[in-house]
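Here is work16.cif, consisting of mmCIF, C-alpha atoms:
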data_upload
#
loop_
_atom_site.group_PDB
_atom_site.id
_atom_site.type_symbol
_atom_site.label_atom_id
_atom_site.label_comp_id
_atom_site.auth_asym_id
_atom_site.auth_seq_id
_atom_site.Cartn_x
_atom_site.Cartn_y
_atom_site.Cartn_z
ATOM 1 C CA MET U 231 85.418 65.977 222.737
ATOM 2 C CA GLU U 232 83.215 64.271 225.284
ATOM 3 C CA LYS U 233 80.209 64.489 223.003
ATOM 4 C CA TRP U 234 81.964 61.995 220.749
ATOM 5 C CA GLY U 235 82.547 59.698 223.705
ATOM 6 C CA LEU U 236 86.297 59.704 223.157
ATOM 7 C CA ALA U 237 86.921 58.485 226.676
ATOM 8 C CA THR U 238 86.305 54.964 225.416
ATOM 9 C CA LEU U 239 88.610 55.226 222.419
ATOM 10 C CA SER U 240 91.597 53.830 224.276
ATOM 11 C CA THR U 241 90.138 50.374 223.685
ATOM 12 C CA ARG U 242 91.536 49.020 220.437
ATOM 13 C CA ARG U 243 90.561 45.955 218.500
ATOM 14 C CA ARG U 244 92.712 44.074 216.039
ATOM 15 C CA LYS U 245 91.430 42.404 212.939
ATOM 16 C CA MET U 246 93.058 40.510 210.095
ATOM 17 C CA ASN U 247 92.727 42.066 206.668
ATOM 18 C CA VAL U 248 92.729 40.088 203.410
ATOM 19 C CA GLN U 249 96.539 40.076 203.357
ATOM 20 C CA GLY U 250 96.630 38.543 206.834
ATOM 21 C CA LYS U 251 97.944 41.748 208.450
ATOM 22 C CA LEU U 252 96.722 43.146 211.730
ATOM 23 C CA VAL U 253 94.990 46.473 211.228
ATOM 24 C CA TYR U 254 93.619 48.979 213.707
ATOM 25 C CA GLN U 255 89.872 48.737 214.295
ATOM 26 C CA PRO U 256 88.156 51.533 216.235
ATOM 27 C CA SER U 257 85.934 50.653 219.150
ATOM 28 C CA CYS U 258 82.293 51.425 218.317
ATOM 29 C CA SER U 259 81.127 51.393 221.935
ATOM 30 C CA SER U 260 80.354 55.111 222.372
ATOM 31 C CA THR U 261 77.360 56.888 220.860
ATOM 32 C CA GLY U 262 79.250 59.207 218.504
ATOM 33 C CA ILE U 263 81.580 56.507 217.240
ATOM 34 C CA ARG U 264 78.647 54.120 216.785
ATOM 35 C CA LEU U 265 76.999 56.694 214.545
ATOM 36 C CA LEU U 266 80.148 56.967 212.433
ATOM 37 C CA CYS U 267 80.523 53.189 212.246
ATOM 38 C CA GLY U 268 76.856 52.834 211.302
ATOM 39 C CA LEU U 269 77.102 55.534 208.634
ATOM 40 C CA ASP U 270 80.176 53.883 207.147
ATOM 41 C CA LYS U 271 78.539 50.462 207.102
ATOM 42 C CA ALA U 272 75.329 51.821 205.598
ATOM 43 C CA THR U 273 77.266 53.591 202.834
ATOM 44 C CA GLU U 274 79.436 50.569 202.098
ATOM 45 C CA TYR U 275 76.640 47.978 202.172
ATOM 46 C CA THR U 276 74.414 50.176 200.014
ATOM 47 C CA ALA U 277 77.203 50.487 197.460
ATOM 48 C CA ILE U 278 77.842 46.743 197.484
ATOM 49 C CA GLY U 279 74.103 46.088 197.134
ATOM 50 C CA ILE U 280 73.898 48.425 194.131
ATOM 51 C CA PHE U 281 76.922 46.772 192.553
ATOM 52 C CA MET U 282 75.556 43.256 193.059
ATOM 53 C CA ALA U 283 72.056 44.180 191.871
ATOM 54 C CA ALA U 284 73.465 45.789 188.714
ATOM 55 C CA ILE U 285 75.785 42.931 187.774
ATOM 56 C CA ILE U 286 73.179 40.230 188.504
ATOM 57 C CA SER U 287 70.538 42.115 186.517
ATOM 58 C CA LEU U 288 72.907 42.509 183.577
ATOM 59 C CA PHE U 289 73.689 38.800 183.655
ATOM 60 C CA LEU U 290 70.008 37.829 183.761
ATOM 61 C CA PHE U 291 68.837 40.279 181.088
ATOM 62 C CA LEU U 292 71.612 39.528 178.632
ATOM 63 C CA GLY U 293 71.409 35.815 179.397
ATOM 64 C CA ALA U 294 67.677 35.798 178.685
ATOM 65 C CA ASP U 295 68.314 37.560 175.387
ATOM 66 C CA VAL U 296 70.899 34.957 174.424
ATOM 67 C CA VAL U 297 68.506 32.093 175.238
ATOM 68 C CA VAL U 298 65.644 33.664 173.276
ATOM 69 C CA ARG U 299 67.921 34.370 170.330
ATOM 70 C CA TYR U 300 69.148 30.756 170.387
ATOM 71 C CA LEU U 301 65.624 29.306 170.529
ATOM 72 C CA THR U 302 63.843 31.672 168.156
ATOM 73 C CA THR U 303 66.661 33.311 166.127
ATOM 74 C CA GLN U 304 65.151 36.640 167.203
ATOM 75 C CA SER U 305 66.302 39.100 169.837
ATOM 76 C CA LEU U 306 64.200 40.595 172.612
ATOM 77 C CA GLY U 307 65.754 43.931 171.774
ATOM 78 C CA TRP U 308 65.427 45.747 175.072
ATOM 79 C CA PRO U 309 68.173 43.784 176.934
ATOM 80 C CA ALA U 310 70.699 45.409 174.602
ATOM 81 C CA GLU U 311 69.828 48.742 176.239
ATOM 82 C CA MET U 312 70.350 47.505 179.794
ATOM 83 C CA PRO U 313 74.164 47.918 179.855
ATOM 84 C CA ASN U 314 73.697 51.626 179.092
ATOM 85 C CA LEU U 315 71.293 51.854 182.007
ATOM 86 C CA LEU U 316 72.918 49.590 184.592
ATOM 87 C CA PHE U 317 76.654 49.830 183.932
ATOM 88 C CA PRO U 318 76.942 53.339 185.467
ATOM 89 C CA TRP U 319 75.358 51.972 188.654
ATOM 90 C CA LEU U 320 77.718 49.006 188.649
ATOM 91 C CA VAL U 321 80.741 51.283 188.315
ATOM 92 C CA MET U 322 79.605 53.799 190.913
ATOM 93 C CA GLY U 323 78.715 51.075 193.398
ATOM 94 C CA ALA U 324 82.205 49.628 193.072
ATOM 95 C CA ILE U 325 83.859 53.057 193.342
ATOM 96 C CA VAL U 326 81.980 53.986 196.508
ATOM 97 C CA ALA U 327 82.650 50.607 198.135
ATOM 98 C CA ALA U 328 86.366 50.925 197.315
ATOM 99 C CA ALA U 329 86.420 54.470 198.701
ATOM 100 C CA GLN U 330 84.837 53.252 201.939
ATOM 101 C CA ARG U 331 87.486 50.548 202.277
ATOM 102 C CA GLY U 332 90.372 52.787 201.216
ATOM 103 C CA GLN U 333 91.212 50.401 198.391
ATOM 104 C CA HIS U 334 91.602 52.767 195.463
ATOM 105 C CA VAL U 335 94.939 52.712 193.673
ATOM 106 C CA ALA U 336 97.256 55.277 195.285
ATOM 107 C CA VAL U 337 100.909 56.307 195.124
ATOM 108 C CA ASN U 338 102.221 56.735 198.670
ATOM 109 C CA ALA U 339 105.800 57.743 197.821
ATOM 110 C CA VAL U 340 105.318 61.266 199.172
ATOM 111 C CA LEU U 341 103.449 60.092 202.261
ATOM 112 C CA GLY U 342 106.312 57.772 203.076
ATOM 113 C CA LEU U 343 108.651 60.762 203.406
ATOM 114 C CA LEU U 344 106.407 62.634 205.858
ATOM 115 C CA ASN U 345 105.925 62.174 209.572
ATOM 116 C CA ILE U 346 102.542 61.207 210.981
ATOM 117 C CA PRO U 347 101.266 64.685 211.989
ATOM 118 C CA VAL U 348 102.116 66.193 208.588
ATOM 119 C CA THR U 349 100.599 63.208 206.804
ATOM 120 C CA ARG U 350 97.367 63.593 208.781
ATOM 121 C CA VAL U 351 97.112 67.275 207.866
ATOM 122 C CA LEU U 352 97.808 66.542 204.191
ATOM 123 C CA MET U 353 95.200 63.796 204.076
ATOM 124 C CA LEU U 354 92.707 66.037 205.870
ATOM 125 C CA VAL U 355 93.194 68.766 203.245
ATOM 126 C CA MET U 356 92.668 66.165 200.514
ATOM 127 C CA GLN U 357 89.424 65.029 202.126
ATOM 128 C CA LEU U 358 88.190 68.631 202.313
ATOM 129 C CA VAL U 359 88.925 69.047 198.606
ATOM 130 C CA VAL U 360 87.055 65.814 197.855
ATOM 131 C CA VAL U 361 84.006 66.915 199.873
ATOM 132 C CA VAL U 362 83.765 70.265 198.078
ATOM 133 C CA THR U 363 84.525 68.897 194.590
ATOM 134 C CA PHE U 364 82.224 65.893 194.643
ATOM 135 C CA SER U 365 79.412 67.749 196.389
ATOM 136 C CA TYR U 366 79.514 70.259 193.539
ATOM 137 C CA LEU U 367 79.608 67.470 190.943
ATOM 138 C CA SER U 368 76.610 65.810 192.589
ATOM 139 C CA TYR U 369 74.752 69.125 192.526
ATOM 140 C CA ILE U 370 75.544 69.600 188.822
ATOM 141 C CA GLY U 371 74.496 65.992 188.222
ATOM 142 C CA VAL U 372 70.977 66.762 189.395
ATOM 143 C CA GLU U 373 70.637 69.273 186.564
ATOM 144 C CA VAL U 374 72.004 66.710 184.098
ATOM 145 C CA VAL U 375 69.392 64.210 185.288
ATOM 146 C CA ARG U 376 66.663 66.768 184.717
ATOM 147 C CA ILE U 377 67.858 67.439 181.163
ATOM 148 C CA ALA U 378 68.329 63.742 180.364
ATOM 149 C CA GLY U 379 64.808 62.954 181.542
ATOM 150 C CA LYS U 380 63.474 63.825 178.090
ATOM 151 C CA GLN U 381 65.719 61.260 176.407
ATOM 152 C CA LEU U 382 64.224 57.766 176.159
ATOM 153 C CA PHE U 383 65.763 54.473 175.148
ATOM 154 C CA PRO U 384 64.142 53.628 171.812
ATOM 155 C CA ILE U 385 63.037 50.061 172.564
ATOM 156 C CA SER U 386 62.294 49.950 176.282
ATOM 157 C CA GLY U 387 61.135 53.558 176.525
ATOM 158 C CA ILE U 388 63.000 53.990 179.830
ATOM 159 C CA SER U 389 64.310 57.474 180.525
ATOM 160 C CA SER U 390 68.089 57.806 180.297
ATOM 161 C CA SER U 391 67.944 59.961 183.424
ATOM 162 C CA TYR U 392 68.011 56.749 185.477
ATOM 163 C CA ALA U 393 71.512 56.085 184.198
ATOM 164 C CA TYR U 394 72.658 59.611 185.064
ATOM 165 C CA MET U 395 71.229 59.233 188.564
ATOM 166 C CA ALA U 396 74.142 56.866 189.189
ATOM 167 C CA LEU U 397 76.499 59.832 188.871
ATOM 168 C CA VAL U 398 74.524 61.844 191.408
ATOM 169 C CA TYR U 399 74.558 58.898 193.805
ATOM 170 C CA GLY U 400 78.244 58.117 193.253
ATOM 171 C CA PHE U 401 79.496 61.685 193.622
ATOM 172 C CA GLY U 402 77.294 62.246 196.665
ATOM 173 C CA ALA U 403 78.405 59.007 198.344
ATOM 174 C CA ILE U 404 82.087 59.802 197.722
ATOM 175 C CA ALA U 405 81.581 63.254 199.254
ATOM 176 C CA LEU U 406 79.856 61.604 202.229
ATOM 177 C CA THR U 407 82.733 59.139 202.598
ATOM 178 C CA ALA U 408 85.247 61.987 202.623
ATOM 179 C CA LEU U 409 83.121 63.811 205.201
ATOM 180 C CA THR U 410 83.086 60.776 207.483
ATOM 181 C CA ASN U 411 86.859 60.531 207.037
ATOM 182 C CA ILE U 412 87.111 64.079 208.386
ATOM 183 C CA LEU U 413 84.882 63.163 211.323
ATOM 184 C CA TRP U 414 87.120 60.156 212.012
ATOM 185 C CA TRP U 415 90.104 62.533 211.989
ATOM 186 C CA LEU U 416 88.396 64.548 214.705
ATOM 187 C CA ALA U 417 87.165 61.558 216.692
ATOM 188 C CA ASP U 418 89.947 58.971 216.404
ATOM 189 C CA PRO U 419 93.177 59.884 214.550
ATOM 190 C CA SER U 420 94.384 56.275 214.587
ATOM 191 C CA ALA U 421 91.260 55.109 212.797
ATOM 192 C CA PHE U 422 91.703 57.959 210.321
ATOM 193 C CA ASP U 423 95.292 56.834 209.669
ATOM 194 C CA ASN U 424 94.112 53.313 208.928
ATOM 195 C CA ARG U 425 91.363 54.502 206.576
ATOM 196 C CA MET U 426 93.780 56.703 204.653
ATOM 197 C CA THR U 427 96.960 54.631 204.537
ATOM 198 C CA LYS U 428 95.904 51.150 205.704
ATOM 199 C CA SER U 429 98.839 51.222 208.076
ATOM 200 C CA GLU U 430 99.740 48.040 209.875
ATOM 201 C CA VAL U 431 99.272 47.870 213.638
ATOM 202 C CA ALA U 432 102.457 47.021 215.462
ATOM 203 C CA GLU U 433 102.401 44.033 217.747
#
structure tokens encoding of this file:
Amino acid sequence: MEKWGLATLSTRRRKMNVQGKLVYQPSCSSTGIRLLCGLDKATEYTAIGIFMAAIISLFLFLGADVVVRYLTTQSLGWPAEMPNLLFPWLVMGAIVAAAQRGQHVAVNAVLGLLNIPVTRVLMLVMQLVVVVTFSYLSYIGVEVVRIAGKQLFPISGISSSYAYMALVYGFGAIALTALTNILWWLADPSAFDNRMTKSEVAE
């Protein structure tokens, strides 16, 4: 346990979430916890960056096509293929960012009937299932990318494999998020509880 620097985990920080509630924030002062915090931030910010890049690119490409069509009554052609290429990245970026923040839609009726230790074990089992399932899907996705590499968009000539790469990234990042959730369970159960259930910290 010392290798995670858990001696410093008694220090808790409080932070307001978007609903104005106080939520538990783990201290990132020790080496092991800093690594987990850094990995989480890197995963989340990468996902947000992918999402923003995809949606901005779609807006610019389709907007340019609209302007050209308005001025010349002709279409550029290739912007019409960009949604097929970029939308998977937009979706996967949003999914990974939501997974990192624990903001996916969930039904907590069963969790509400369980005590904290049982809930932690149940959520841990779920995270193990997610790691195995999405790691396998990411592995299968690599083969799909290889097969799709021979398929080209007719106008732009871009390989459709770039669109399928979004699936490999998304599945892999979700598996990584679940893995870090497991590491949080080992390092700081209170932080794990907050990531899984977004429980409110009592005053």
Item to complete: Choose the residue, out of U:Phe291, U:Tyr399, U:Tyr275, U:Tyr392, that has the smallest atom-to-atom separation from Gln330 (chain U); count only C-alpha atoms.
Response: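 Smallest separation from Gln330 (chain U) among the options: U:Tyr275.
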Suppose a student applies the PyMOL selection byres ((chain U and resi 277) around 7) to this structure; what residues should they get, written as a PDB file with C-alpha atoms, in the frame of the given file?
ATOM      1  CA  THR U 273      77.266  53.591 202.834  1.00  0.00           C
ATOM      2  CA  GLU U 274      79.436  50.569 202.098  1.00  0.00           C
ATOM      3  CA  TYR U 275      76.640  47.978 202.172  1.00  0.00           C
ATOM      4  CA  THR U 276      74.414  50.176 200.014  1.00  0.00           C
ATOM      5  CA  ILE U 278      77.842  46.743 197.484  1.00  0.00           C
ATOM      6  CA  GLY U 279      74.103  46.088 197.134  1.00  0.00           C
ATOM      7  CA  ILE U 280      73.898  48.425 194.131  1.00  0.00           C
ATOM      8  CA  PHE U 281      76.922  46.772 192.553  1.00  0.00           C
ATOM      9  CA  GLY U 323      78.715  51.075 193.398  1.00  0.00           C
ATOM     10  CA  ALA U 324      82.205  49.628 193.072  1.00  0.00           C
ATOM     11  CA  VAL U 326      81.980  53.986 196.508  1.00  0.00           C
ATOM     12  CA  ALA U 327      82.650  50.607 198.135  1.00  0.00           C
TER      13      ALA U 327
END
Fill in: Atom-to-atom span, CA of Leu265 (chain U) and CA of Thr410 (chain U), Å
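About the pair CA of Leu265 (chain U) and CA of Thr410 (chain U): they are 10.2 Å apart.
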Worksheet entry | Point-to-point distance in Å for CA of Ala393 (chain U) and CA of Gly268 (chain U) |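 The value is 27.8 Å.
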Practice prompt. Have a look at U:Gln357, U:Ser287, U:Asn345, U:Thr303 and name the one nearest to Trp415 (chain U); count all atoms listed in the file.
Written response: U:Gln357
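The shortest atom-to-atom distance to Leu406 (chain U), with all atoms listed in the file taken into account, belongs to U:Ala329 out of U:Ala329, U:Met356, U:Ile286, U:Met322.
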Worksheet entry | Distance query Asn314 (chain U) at most 12 Å, all atoms listed in the file, self and fewer than 6 positions along chain excluded, as a PyMOL selection string | chain U and resi 284+288+308+320-321+382-383+386+388-394+396
Worksheet item: Applied to the shown file, which residues does the PyMOL selection byres ((chain U and resi 368) around 12) return, written as a PyMOL selection string?
Response: chain U and resi 360-367+369-375+394-406
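Relative to CA of Ile412 (chain U), CA of Leu354 (chain U) is found at 6.4 Å.
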Worksheet item: Smallest atom-to-atom distance to Leu316 (chain U): which of U:Ala408, U:Leu292, U:Ile263, U:Leu269, using all atoms listed in the file?
Response: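 Answer, going by the shortest atom-to-atom distance: U:Leu292.
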Worksheet item: Which of these residues is nearest to Gly332 (chain U), using only C-alpha atoms: U:Ala417, U:Leu315, U:Val296, U:Asp270?
Response: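 Selected residue with least distance to Gly332 (chain U): U:Asp270.
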Item to complete: Evaluate the PyMOL selection byres ((chain U and resi 306) around 12) and record the selected residues as number ranges by chain, following the chain and residue labels used in the document.
Response: U: 291-305, 307-312, 385-386
Padding 5 Å on every side, please: axis-aligned box over the listed atoms of region 309-317 of chain U, centre and edge lengths to one decimal in Å, as AutoDock Vina command-line options.
--center_x 72.4 --center_y 47.8 --center_z 179.6 --size_x 18.5 --size_y 18.1 --size_z 20.0
